[in-house]
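S.K.: mmCIF, C-alpha atoms, file coords-v8.cif:
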data_query
loop_
_atom_site.group_PDB
_atom_site.id
_atom_site.type_symbol
_atom_site.label_atom_id
_atom_site.label_comp_id
_atom_site.auth_asym_id
_atom_site.auth_seq_id
_atom_site.Cartn_x
_atom_site.Cartn_y
_atom_site.Cartn_z
ATOM 1 C CA ARG G 23 77.014 72.205 -9.055
ATOM 2 C CA LEU G 24 78.321 72.455 -5.487
ATOM 3 C CA VAL G 25 76.708 70.528 -2.630
ATOM 4 C CA TYR G 26 77.570 71.327 0.983
ATOM 5 C CA HIS G 27 76.655 69.015 3.835
ATOM 6 C CA LEU G 28 76.339 71.180 6.931
ATOM 7 C CA PRO G 29 75.599 68.861 9.914
ATOM 8 C CA PRO G 30 78.773 67.667 11.693
ATOM 9 C CA TYR G 31 78.307 63.992 10.802
ATOM 10 C CA GLN G 32 78.449 61.833 7.694
ATOM 11 C CA PRO G 33 75.561 62.487 5.269
ATOM 12 C CA GLU G 34 72.745 59.968 4.911
ATOM 13 C CA LYS G 35 71.353 59.398 1.424
ATOM 14 C CA ASN G 36 68.113 57.843 2.631
ATOM 15 C CA LEU G 37 65.672 60.470 3.922
ATOM 16 C CA ALA G 38 64.336 58.235 6.723
ATOM 17 C CA ASN G 39 67.862 57.491 7.893
ATOM 18 C CA ALA G 40 68.768 61.186 7.683
ATOM 19 C CA LYS G 41 65.925 62.124 10.016
ATOM 20 C CA ALA G 42 66.869 59.411 12.499
ATOM 21 C CA ARG G 43 70.531 60.456 12.383
ATOM 22 C CA HIS G 44 69.578 64.083 13.026
ATOM 23 C CA GLU G 45 67.428 63.102 16.003
ATOM 24 C CA GLN G 46 70.348 61.073 17.335
ATOM 25 C CA PHE G 47 72.601 64.108 16.920
ATOM 26 C CA LEU G 48 70.177 66.281 18.922
ATOM 27 C CA LYS G 49 70.202 63.711 21.730
ATOM 28 C CA GLU G 50 74.003 63.700 21.674
ATOM 29 C CA ILE G 51 74.158 67.457 22.232
ATOM 30 C CA GLY G 52 71.205 67.495 24.643
ATOM 31 C CA LEU G 53 68.721 69.577 22.638
ATOM 32 C CA LYS G 54 65.138 69.029 21.506
ATOM 33 C CA ARG G 55 65.554 71.479 18.617
ATOM 34 C CA TYR G 56 68.824 72.869 17.289
ATOM 35 C CA ILE G 57 67.403 76.400 17.151
ATOM 36 C CA PHE G 58 67.494 76.402 20.971
ATOM 37 C CA PHE G 59 71.281 76.276 21.040
ATOM 38 C CA GLY G 60 72.743 79.234 22.934
ATOM 39 C CA VAL G 61 69.430 81.100 23.164
ATOM 40 C CA GLU G 62 70.441 82.436 26.573
ATOM 41 C CA ASP G 63 73.294 84.483 25.055
ATOM 42 C CA ARG G 64 73.067 86.259 21.694
ATOM 43 C CA ASN G 65 76.847 86.001 21.253
ATOM 44 C CA ILE G 66 76.665 82.191 21.080
ATOM 45 C CA PHE G 67 73.098 81.809 19.798
ATOM 46 C CA TYR G 68 72.891 79.357 16.909
ATOM 47 C CA THR G 69 71.660 82.022 14.472
ATOM 48 C CA ARG G 70 74.811 84.076 14.961
ATOM 49 C CA THR G 71 77.155 81.168 14.261
ATOM 50 C CA ALA G 72 74.994 79.890 11.398
ATOM 51 C CA VAL G 73 74.805 83.265 9.657
ATOM 52 C CA THR G 74 78.524 83.947 9.976
ATOM 53 C CA GLY G 75 79.198 80.418 8.698
ATOM 54 C CA CYS G 76 76.929 80.982 5.700
ATOM 55 C CA LEU G 77 78.673 84.259 4.918
ATOM 56 C CA ARG G 78 82.004 82.421 4.841
ATOM 57 C CA LEU G 79 80.410 79.669 2.752
ATOM 58 C CA LEU G 80 79.158 82.262 0.273
ATOM 59 C CA ASP G 81 82.643 83.733 -0.081
ATOM 60 C CA GLU G 82 84.148 80.282 -0.540
ATOM 61 C CA THR G 83 81.572 79.376 -3.174
ATOM 62 C CA LEU G 84 82.262 82.520 -5.181
ATOM 63 C CA ASN G 85 85.990 81.786 -5.051
ATOM 64 C CA GLN G 86 85.435 78.581 -7.028
ATOM 65 C CA PRO G 87 86.379 78.597 -10.737
ATOM 66 C CA GLY G 88 83.729 79.649 -13.214
ATOM 67 C CA ARG G 89 81.683 81.844 -10.879
ATOM 68 C CA ASP G 90 80.469 85.231 -12.065
ATOM 69 C CA PRO G 91 80.349 87.573 -9.038
ATOM 70 C CA GLU G 92 78.176 90.007 -10.999
ATOM 71 C CA ARG G 93 75.375 87.469 -11.484
ATOM 72 C CA VAL G 94 74.649 86.063 -8.024
ATOM 73 C CA VAL G 95 71.118 85.710 -6.690
ATOM 74 C CA TYR G 96 69.539 83.874 -3.781
ATOM 75 C CA HIS G 97 66.578 81.469 -3.690
ATOM 76 C CA GLY G 98 65.283 79.937 -0.458
ATOM 77 C CA ALA G 99 62.136 79.326 1.556
ATOM 78 C CA SER G 100 61.113 78.994 5.206
ATOM 79 C CA HIS G 101 64.362 78.669 7.144
ATOM 80 C CA GLY G 102 66.111 79.302 3.841
ATOM 81 C CA GLY G 103 63.959 82.370 3.296
ATOM 82 C CA ALA G 104 65.077 83.749 6.642
ATOM 83 C CA PHE G 105 68.730 83.125 5.879
ATOM 84 C CA GLY G 106 68.332 84.811 2.525
ATOM 85 C CA LEU G 107 67.318 87.934 4.420
ATOM 86 C CA TYR G 108 70.290 87.636 6.772
ATOM 87 C CA LEU G 109 72.734 87.134 3.920
ATOM 88 C CA ALA G 110 71.273 89.931 1.818
ATOM 89 C CA ALA G 111 71.478 92.221 4.851
ATOM 90 C CA PHE G 112 75.094 91.471 5.738
ATOM 91 C CA SER G 113 76.687 90.720 2.365
ATOM 92 C CA ASP G 114 77.016 92.758 -0.808
ATOM 93 C CA LYS G 115 77.334 89.697 -3.045
ATOM 94 C CA PHE G 116 73.696 89.291 -4.119
ATOM 95 C CA LYS G 117 71.994 91.184 -6.923
ATOM 96 C CA ALA G 118 68.527 89.978 -5.896
ATOM 97 C CA ALA G 119 66.873 87.471 -3.573
ATOM 98 C CA PHE G 120 63.733 85.384 -3.425
ATOM 99 C CA CYS G 121 62.738 84.636 0.161
ATOM 100 C CA GLY G 122 59.670 82.428 0.311
ATOM 101 C CA VAL G 123 57.601 82.241 3.517
ATOM 102 C CA PRO G 124 60.579 83.557 5.537
ATOM 103 C CA ASN G 125 60.845 82.577 9.179
ATOM 104 C CA PHE G 126 61.967 84.409 12.340
ATOM 105 C CA GLY G 127 60.092 87.667 11.703
ATOM 106 C CA ASP G 128 57.940 89.684 14.112
ATOM 107 C CA ARG G 129 58.898 87.456 17.007
ATOM 108 C CA GLY G 130 57.647 89.948 19.537
ATOM 109 C CA GLY G 131 54.319 90.264 17.747
ATOM 110 C CA PHE G 132 52.573 88.058 20.299
ATOM 111 C CA LEU G 133 52.912 90.929 22.766
ATOM 112 C CA ALA G 134 50.471 92.849 20.554
ATOM 113 C CA GLY G 135 48.198 89.833 20.054
ATOM 114 C CA ARG G 136 49.589 88.748 16.680
ATOM 115 C CA HIS G 137 50.176 85.111 15.744
ATOM 116 C CA THR G 138 53.871 84.301 16.082
ATOM 117 C CA PRO G 139 54.160 80.491 16.167
ATOM 118 C CA ASP G 140 57.704 80.177 17.513
ATOM 119 C CA CYS G 141 57.026 82.233 20.608
ATOM 120 C CA ILE G 142 53.635 80.631 21.209
ATOM 121 C CA ARG G 143 54.510 77.001 20.560
ATOM 122 C CA THR G 144 57.726 77.066 22.604
ATOM 123 C CA SER G 145 56.766 79.780 25.020
ATOM 124 C CA GLN G 146 58.781 78.559 27.988
ATOM 125 C CA THR G 147 62.026 78.540 26.005
ATOM 126 C CA PHE G 148 61.552 81.499 23.692
ATOM 127 C CA ARG G 149 59.531 83.990 25.696
ATOM 128 C CA GLY G 150 62.153 83.883 28.413
ATOM 129 C CA HIS G 151 64.851 84.925 25.927
ATOM 130 C CA LEU G 152 62.999 87.449 23.819
ATOM 131 C CA ASP G 153 65.921 89.896 23.838
ATOM 132 C CA THR G 154 68.035 87.356 21.957
ATOM 133 C CA LEU G 155 65.275 86.549 19.489
ATOM 134 C CA LEU G 156 64.518 90.180 18.712
ATOM 135 C CA TYR G 157 68.205 90.863 18.101
ATOM 136 C CA PHE G 158 68.053 88.333 15.239
ATOM 137 C CA ASP G 159 64.545 89.184 14.027
ATOM 138 C CA THR G 160 64.488 89.007 10.226
ATOM 139 C CA ALA G 161 62.298 92.125 10.081
ATOM 140 C CA PHE G 162 65.229 94.075 11.530
ATOM 141 C CA ALA G 163 67.580 92.467 8.994
ATOM 142 C CA ALA G 164 65.193 93.552 6.223
ATOM 143 C CA ARG G 165 65.831 97.191 7.124
ATOM 144 C CA ARG G 166 69.381 96.845 5.785
ATOM 145 C CA ILE G 167 68.411 95.352 2.418
ATOM 146 C CA GLU G 168 68.395 97.601 -0.657
ATOM 147 C CA ILE G 169 68.620 95.006 -3.443
ATOM 148 C CA PRO G 170 65.442 93.753 -5.213
ATOM 149 C CA VAL G 171 63.637 91.149 -3.097
ATOM 150 C CA MET G 172 60.643 88.958 -3.833
ATOM 151 C CA ILE G 173 58.779 87.703 -0.768
ATOM 152 C CA GLY G 174 56.434 84.713 -0.862
ATOM 153 C CA VAL G 175 53.596 84.533 1.665
ATOM 154 C CA GLY G 176 51.123 81.729 2.348
ATOM 155 C CA PHE G 177 47.774 83.057 3.512
ATOM 156 C CA ILE G 178 47.057 79.872 5.499
ATOM 157 C CA ASP G 179 50.629 79.290 6.637
ATOM 158 C CA PRO G 180 50.615 78.015 10.273
ATOM 159 C CA PHE G 181 54.392 78.368 10.672
ATOM 160 C CA CYS G 182 55.282 81.713 9.094
ATOM 161 C CA ALA G 183 52.090 83.667 9.561
ATOM 162 C CA PRO G 184 51.160 86.358 7.015
ATOM 163 C CA SER G 185 51.316 88.991 9.773
ATOM 164 C CA ALA G 186 54.984 88.135 10.352
ATOM 165 C CA VAL G 187 55.828 87.964 6.641
ATOM 166 C CA TYR G 188 54.184 91.322 5.956
ATOM 167 C CA THR G 189 56.190 92.810 8.826
ATOM 168 C CA ILE G 190 59.358 91.690 7.037
ATOM 169 C CA TYR G 191 58.138 92.909 3.651
ATOM 170 C CA ASN G 192 57.247 96.357 4.972
ATOM 171 C CA GLU G 193 60.786 96.860 6.298
ATOM 172 C CA LEU G 194 62.587 96.174 3.012
ATOM 173 C CA LYS G 195 64.265 99.325 1.687
ATOM 174 C CA GLY G 196 64.853 98.444 -1.958
ATOM 175 C CA PRO G 197 62.622 97.343 -4.849
ATOM 176 C CA LYS G 198 60.284 94.630 -3.631
ATOM 177 C CA ILE G 199 57.454 92.451 -4.806
ATOM 178 C CA LEU G 200 55.058 90.242 -2.878
ATOM 179 C CA LEU G 201 54.063 86.845 -4.277
ATOM 180 C CA PRO G 202 50.913 85.687 -2.431
ATOM 181 C CA LYS G 203 49.786 82.090 -2.107
ATOM 182 C CA ILE G 204 46.182 82.841 -1.272
ATOM 183 C CA LYS G 205 44.986 79.236 -1.005
ATOM 184 C CA ASN G 206 48.241 77.701 0.198
ATOM 185 C CA GLY G 207 50.191 77.329 3.392
ATOM 186 C CA HIS G 208 53.846 76.758 4.182
ATOM 187 C CA GLY G 209 55.218 73.995 1.991
ATOM 188 C CA ASP G 210 52.670 73.922 -0.808
ATOM 189 C CA ALA G 211 52.086 76.301 -3.707
ATOM 190 C CA PRO G 212 50.281 76.577 -7.047
ATOM 191 C CA PRO G 213 52.196 75.064 -10.002
ATOM 192 C CA GLU G 214 53.192 78.440 -11.425
ATOM 193 C CA TYR G 215 54.746 79.642 -8.157
ATOM 194 C CA GLY G 216 58.207 78.083 -8.519
ATOM 195 C CA PRO G 217 58.740 79.011 -12.194
ATOM 196 C CA MET G 218 57.656 82.577 -11.451
ATOM 197 C CA THR G 219 60.300 82.954 -8.750
ATOM 198 C CA TYR G 220 63.108 81.691 -10.992
ATOM 199 C CA LEU G 221 61.921 83.804 -13.923
ATOM 200 C CA TRP G 222 61.921 86.904 -11.745
ATOM 201 C CA LEU G 223 65.421 86.162 -10.431
ATOM 202 C CA SER G 224 66.764 85.553 -13.931
ATOM 203 C CA LYS G 225 65.494 88.951 -15.042
ATOM 204 C CA GLN G 226 67.413 90.617 -12.202
ATOM 205 C CA ILE G 227 70.743 89.446 -13.642
ATOM 206 C CA SER G 228 69.960 89.698 -17.356
ATOM 207 C CA PHE G 229 72.322 92.078 -19.120
#
How would this structure read if it were set down as C-alpha cells?
M.R.:
Amino acid sequence: RLVYHLPPYQPEKNLANAKARHEQFLKEIGLKRYIFFGVEDRNIFYTRTAVTGCLRLLDETLNQPGRDPERVVYHGASHGGAFGLYLAAFSDKFKAAFCGVPNFGDRGGFLAGRHTPDCIRTSQTFRGHLDTLLYFDTAFAARRIEIPVMIGVGFIDPFCAPSAVYTIYNELKGPKILLPKIKNGHGDAPPEYGPMTYLWLSKQISF
C-alpha cells in the first residue's frame, strides 16, 4: 500500500488537527478555498497544476515494484470523482474508472437555469472567470474517455447536482453505466453501493 500526503506541510494524524492545519495553510497563502488559486489564468489555475501533478504521481506509482500496468483501475468520489475523469481523459494507464458524484461538471449550466452549486454559491469569484472554469469542465474531459466508466449520482446531492452529473455521463464515449442513489445525497449511500463499485471494477480487469 502506498500513501501520498499532498499538502505542502507535515501530515496531521488527528482529523481535528488536520482541519485546523489546513485552515492555517489557507490563511498563509491568502485564500478562502484552495480551488480559487489562479482562477484568473487557466495556465496557473490550481486544476491544471493538480492534474499534471496527479499524472506524474500515477506514473511514479506504476514504476514501483510489484505493479501490474495491465490491471490498473481508478476509484474516487466527489473531488476524487472529478480527478478520475481528468486522469482517464489524459492518461492511457487505466482500464476502467469509477467516478462517484463527480464534481466540476456543467459549470456553465446556470446560464440555462440549471443548478450548478459552485457558480451559484461563489458567484462573485467563479462567474467572473467562467472561461477558466469551462476550460477545465469535467464534461469536456469526459468526451476524451473511451474506457469503461461507472458514474455514481445522488438524486438529492446539493453539491454535485444530478443535472451536472448526467451532463458528464452523456459525454462519455466508451462503455458506461450509471449507478443511481435515488434516496441519497453527496456523501451517503445505501450499504450495497460501495461493494457494487468494487465488484464492477474487479470485473473490468479479470482475465
S.K.: Report as an NGL selection string the residues that result from applying the PyMOL selection byres ((chain G and resi 55) around 12) to the structure here.
M.R.: :G and (44-54 or 56-61 or 68 or 140 or 144 or 147-148)
S.K.: For a test of reading the model, state the distance in Å between CA of Val73 in chain G and CA of Thr154 in chain G, rounded to one decimal.
M.R.: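 Distance reported for this atom pair: 14.6 Å.
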S.K.: Could you list the residues chosen by the PyMOL selection byres ((chain G and resi 169) around 7) in this structure as a VMD selection string?
M.R.: chain G and resid 117 to 118 167 to 168 170 to 171 196 to 197
S.K.: Which one is closest to Asn125 in chain G: G:Ala104, G:Leu201, G:Ile173, G:Ala211? Count only C-alpha atoms.
M.R.: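 With only C-alpha atoms as the atom set, the closest residue is G:Ala104.
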S.K.: Can you spell out as a ChimeraX atom specification the set of residues that the PyMOL selection byres ((chain G and resi 103) around 7) selects in the structure I just provided?
M.R.: /G:98-102,104-107,121-125
S.K.: Skipping near chain neighbours, those fewer than 2 positions away, what residues fall within 12 Å of Leu77 in chain G using all atoms listed in the file, listed as a list of chain:residue names?
M.R.: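 Close residues of Leu77 in chain G: G:Arg70, G:Thr71, G:Ala72, G:Val73, G:Thr74, G:Gly75, G:Leu79, G:Leu80, G:Asp81, G:Glu82, G:Thr83, G:Leu84, G:Phe105, G:Gly106, G:Leu107, G:Tyr108, G:Leu109, G:Ala110, G:Ala111, G:Phe112, G:Ser113, G:Asp114, G:Lys115, G:Phe116.
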S.K.: For each of G:Leu223, G:Pro212, G:His137, G:Leu152, take the minimum atom-to-atom distance to Phe181 in chain G, counting all atoms listed in the file, then give the residue where this is smallest.
M.R.: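 The closest residue to Phe181 in chain G is G:His137.
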S.K.: Distance CA of Phe229 in chain G-CA of Lys198 in chain G, one decimal place?
M.R.: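 Computed distance, CA of Phe229 in chain G to CA of Lys198 in chain G, equals 19.8 Å.
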S.K.: Find the smallest box with edges along x, y and z containing every listed atom of range 152-168 of chain G, then add 4 Å on each side and report centre and edge lengths in Å to one decimal, as AutoDock Vina command-line options.
M.R.:
--center_x 65.8 --center_y 92.1 --center_z 11.6 --size_x 15.1 --size_y 19.1 --size_z 32.5
S.K.: Quick one: pull the distance between CA of Val187 in chain G and CA of Asp128 in chain G, Å, one decimal.
M.R.: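 About the pair CA of Val187 in chain G and CA of Asp128 in chain G: they are 8.0 Å apart.
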S.K.: When you count only C-alpha atoms, which of these residues is closest to Arg64 in chain G: G:Leu156, G:Ala38, G:Leu200, G:Met218?
M.R.: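 Among the listed residues, G:Leu156 lies closest to Arg64 in chain G.
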S.K.: With all atoms listed in the file as the basis for distance, which of G:Leu133, G:Val175, G:Ala164, G:Ile227 is at the shortest distance from Arg93 in chain G?
M.R.: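 Of all the options, G:Ile227 lies closest to Arg93 in chain G.
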S.K.: Got a sec to write range 162-185 of chain G of the block to a file, N, CA, C and O atoms, as a JSON list (two decimals), in the first residue's frame?
M.R.:
[["chain", "number", "residue", "atom", "x", "y", "z"],
["G", 162, "PHE", "N", -16.29, 18.20, -20.49],
["G", 162, "PHE", "CA", -15.44, 18.25, -21.67],
["G", 162, "PHE", "C", -14.36, 17.17, -21.59],
["G", 162, "PHE", "O", -13.99, 16.56, -22.60],
["G", 163, "ALA", "N", -13.84, 16.91, -20.39],
["G", 163, "ALA", "CA", -12.86, 15.83, -20.23],
["G", 163, "ALA", "C", -13.50, 14.49, -20.58],
["G", 163, "ALA", "O", -12.85, 13.62, -21.18],
["G", 164, "ALA", "N", -14.76, 14.32, -20.23],
["G", 164, "ALA", "CA", -15.46, 13.05, -20.49],
["G", 164, "ALA", "C", -15.50, 12.71, -21.97],
["G", 164, "ALA", "O", -15.53, 11.53, -22.34],
["G", 165, "ARG", "N", -15.47, 13.72, -22.82],
["G", 165, "ARG", "CA", -15.52, 13.48, -24.26],
["G", 165, "ARG", "C", -14.31, 12.71, -24.77],
["G", 165, "ARG", "O", -14.36, 12.11, -25.84],
["G", 166, "ARG", "N", -13.22, 12.72, -24.01],
["G", 166, "ARG", "CA", -11.99, 12.05, -24.43],
["G", 166, "ARG", "C", -11.88, 10.61, -23.91],
["G", 166, "ARG", "O", -10.95, 9.90, -24.24],
["G", 167, "ILE", "N", -12.84, 10.20, -23.08],
["G", 167, "ILE", "CA", -12.71, 8.93, -22.37],
["G", 167, "ILE", "C", -13.41, 7.81, -23.13],
["G", 167, "ILE", "O", -14.61, 7.88, -23.39],
["G", 168, "GLU", "N", -12.66, 6.75, -23.44],
["G", 168, "GLU", "CA", -13.21, 5.61, -24.16],
["G", 168, "GLU", "C", -13.16, 4.32, -23.37],
["G", 168, "GLU", "O", -13.69, 3.29, -23.82],
["G", 169, "ILE", "N", -12.56, 4.33, -22.17],
["G", 169, "ILE", "CA", -12.53, 3.15, -21.33],
["G", 169, "ILE", "C", -13.88, 3.01, -20.61],
["G", 169, "ILE", "O", -14.66, 3.97, -20.54],
["G", 170, "PRO", "N", -14.20, 1.83, -20.05],
["G", 170, "PRO", "CA", -15.44, 1.67, -19.28],
["G", 170, "PRO", "C", -15.43, 2.58, -18.04],
["G", 170, "PRO", "O", -14.44, 2.64, -17.31],
["G", 171, "VAL", "N", -16.54, 3.25, -17.81],
["G", 171, "VAL", "CA", -16.67, 4.16, -16.67],
["G", 171, "VAL", "C", -18.02, 3.93, -16.00],
["G", 171, "VAL", "O", -19.05, 3.84, -16.66],
["G", 172, "MET", "N", -17.98, 3.83, -14.68],
["G", 172, "MET", "CA", -19.20, 3.81, -13.88],
["G", 172, "MET", "C", -19.32, 5.16, -13.19],
["G", 172, "MET", "O", -18.37, 5.64, -12.58],
["G", 173, "ILE", "N", -20.49, 5.77, -13.30],
["G", 173, "ILE", "CA", -20.74, 7.08, -12.70],
["G", 173, "ILE", "C", -21.80, 6.94, -11.60],
["G", 173, "ILE", "O", -22.88, 6.39, -11.85],
["G", 174, "GLY", "N", -21.49, 7.42, -10.41],
["G", 174, "GLY", "CA", -22.47, 7.44, -9.33],
["G", 174, "GLY", "C", -23.14, 8.81, -9.25],
["G", 174, "GLY", "O", -22.48, 9.83, -9.41],
["G", 175, "VAL", "N", -24.45, 8.82, -9.02],
["G", 175, "VAL", "CA", -25.17, 10.08, -8.94],
["G", 175, "VAL", "C", -26.15, 10.04, -7.76],
["G", 175, "VAL", "O", -26.87, 9.06, -7.59],
["G", 176, "GLY", "N", -26.12, 11.08, -6.94],
["G", 176, "GLY", "CA", -27.05, 11.20, -5.82],
["G", 176, "GLY", "C", -28.21, 12.09, -6.22],
["G", 176, "GLY", "O", -28.00, 13.25, -6.58],
["G", 177, "PHE", "N", -29.42, 11.57, -6.15],
["G", 177, "PHE", "CA", -30.57, 12.33, -6.63],
["G", 177, "PHE", "C", -30.91, 13.53, -5.75],
["G", 177, "PHE", "O", -31.65, 14.42, -6.19],
["G", 178, "ILE", "N", -30.42, 13.54, -4.50],
["G", 178, "ILE", "CA", -30.63, 14.71, -3.65],
["G", 178, "ILE", "C", -29.29, 15.31, -3.23],
["G", 178, "ILE", "O", -29.12, 15.80, -2.13],
["G", 179, "ASP", "N", -28.34, 15.25, -4.14],
["G", 179, "ASP", "CA", -27.00, 15.77, -3.90],
["G", 179, "ASP", "C", -27.00, 17.29, -4.07],
["G", 179, "ASP", "O", -27.23, 17.80, -5.17],
["G", 180, "PRO", "N", -26.71, 18.07, -3.00],
["G", 180, "PRO", "CA", -26.71, 19.53, -3.11],
["G", 180, "PRO", "C", -25.40, 20.09, -3.67],
["G", 180, "PRO", "O", -25.33, 21.27, -4.00],
["G", 181, "PHE", "N", -24.37, 19.26, -3.77],
["G", 181, "PHE", "CA", -23.06, 19.73, -4.22],
["G", 181, "PHE", "C", -22.78, 19.38, -5.68],
["G", 181, "PHE", "O", -22.26, 20.22, -6.43],
["G", 182, "CYS", "N", -23.04, 18.16, -6.06],
["G", 182, "CYS", "CA", -22.86, 17.73, -7.45],
["G", 182, "CYS", "C", -24.23, 17.31, -7.96],
["G", 182, "CYS", "O", -24.61, 16.13, -7.88],
["G", 183, "ALA", "N", -24.96, 18.29, -8.44],
["G", 183, "ALA", "CA", -26.36, 18.08, -8.80],
["G", 183, "ALA", "C", -26.50, 17.03, -9.90],
["G", 183, "ALA", "O", -25.64, 16.90, -10.77],
["G", 184, "PRO", "N", -27.61, 16.26, -9.88],
["G", 184, "PRO", "CA", -27.83, 15.27, -10.93],
["G", 184, "PRO", "C", -27.73, 15.85, -12.34],
["G", 184, "PRO", "O", -27.23, 15.19, -13.25],
["G", 185, "SER", "N", -28.21, 17.08, -12.53],
["G", 185, "SER", "CA", -28.14, 17.68, -13.87],
["G", 185, "SER", "C", -26.70, 17.79, -14.35],
["G", 185, "SER", "O", -26.41, 17.57, -15.53]]
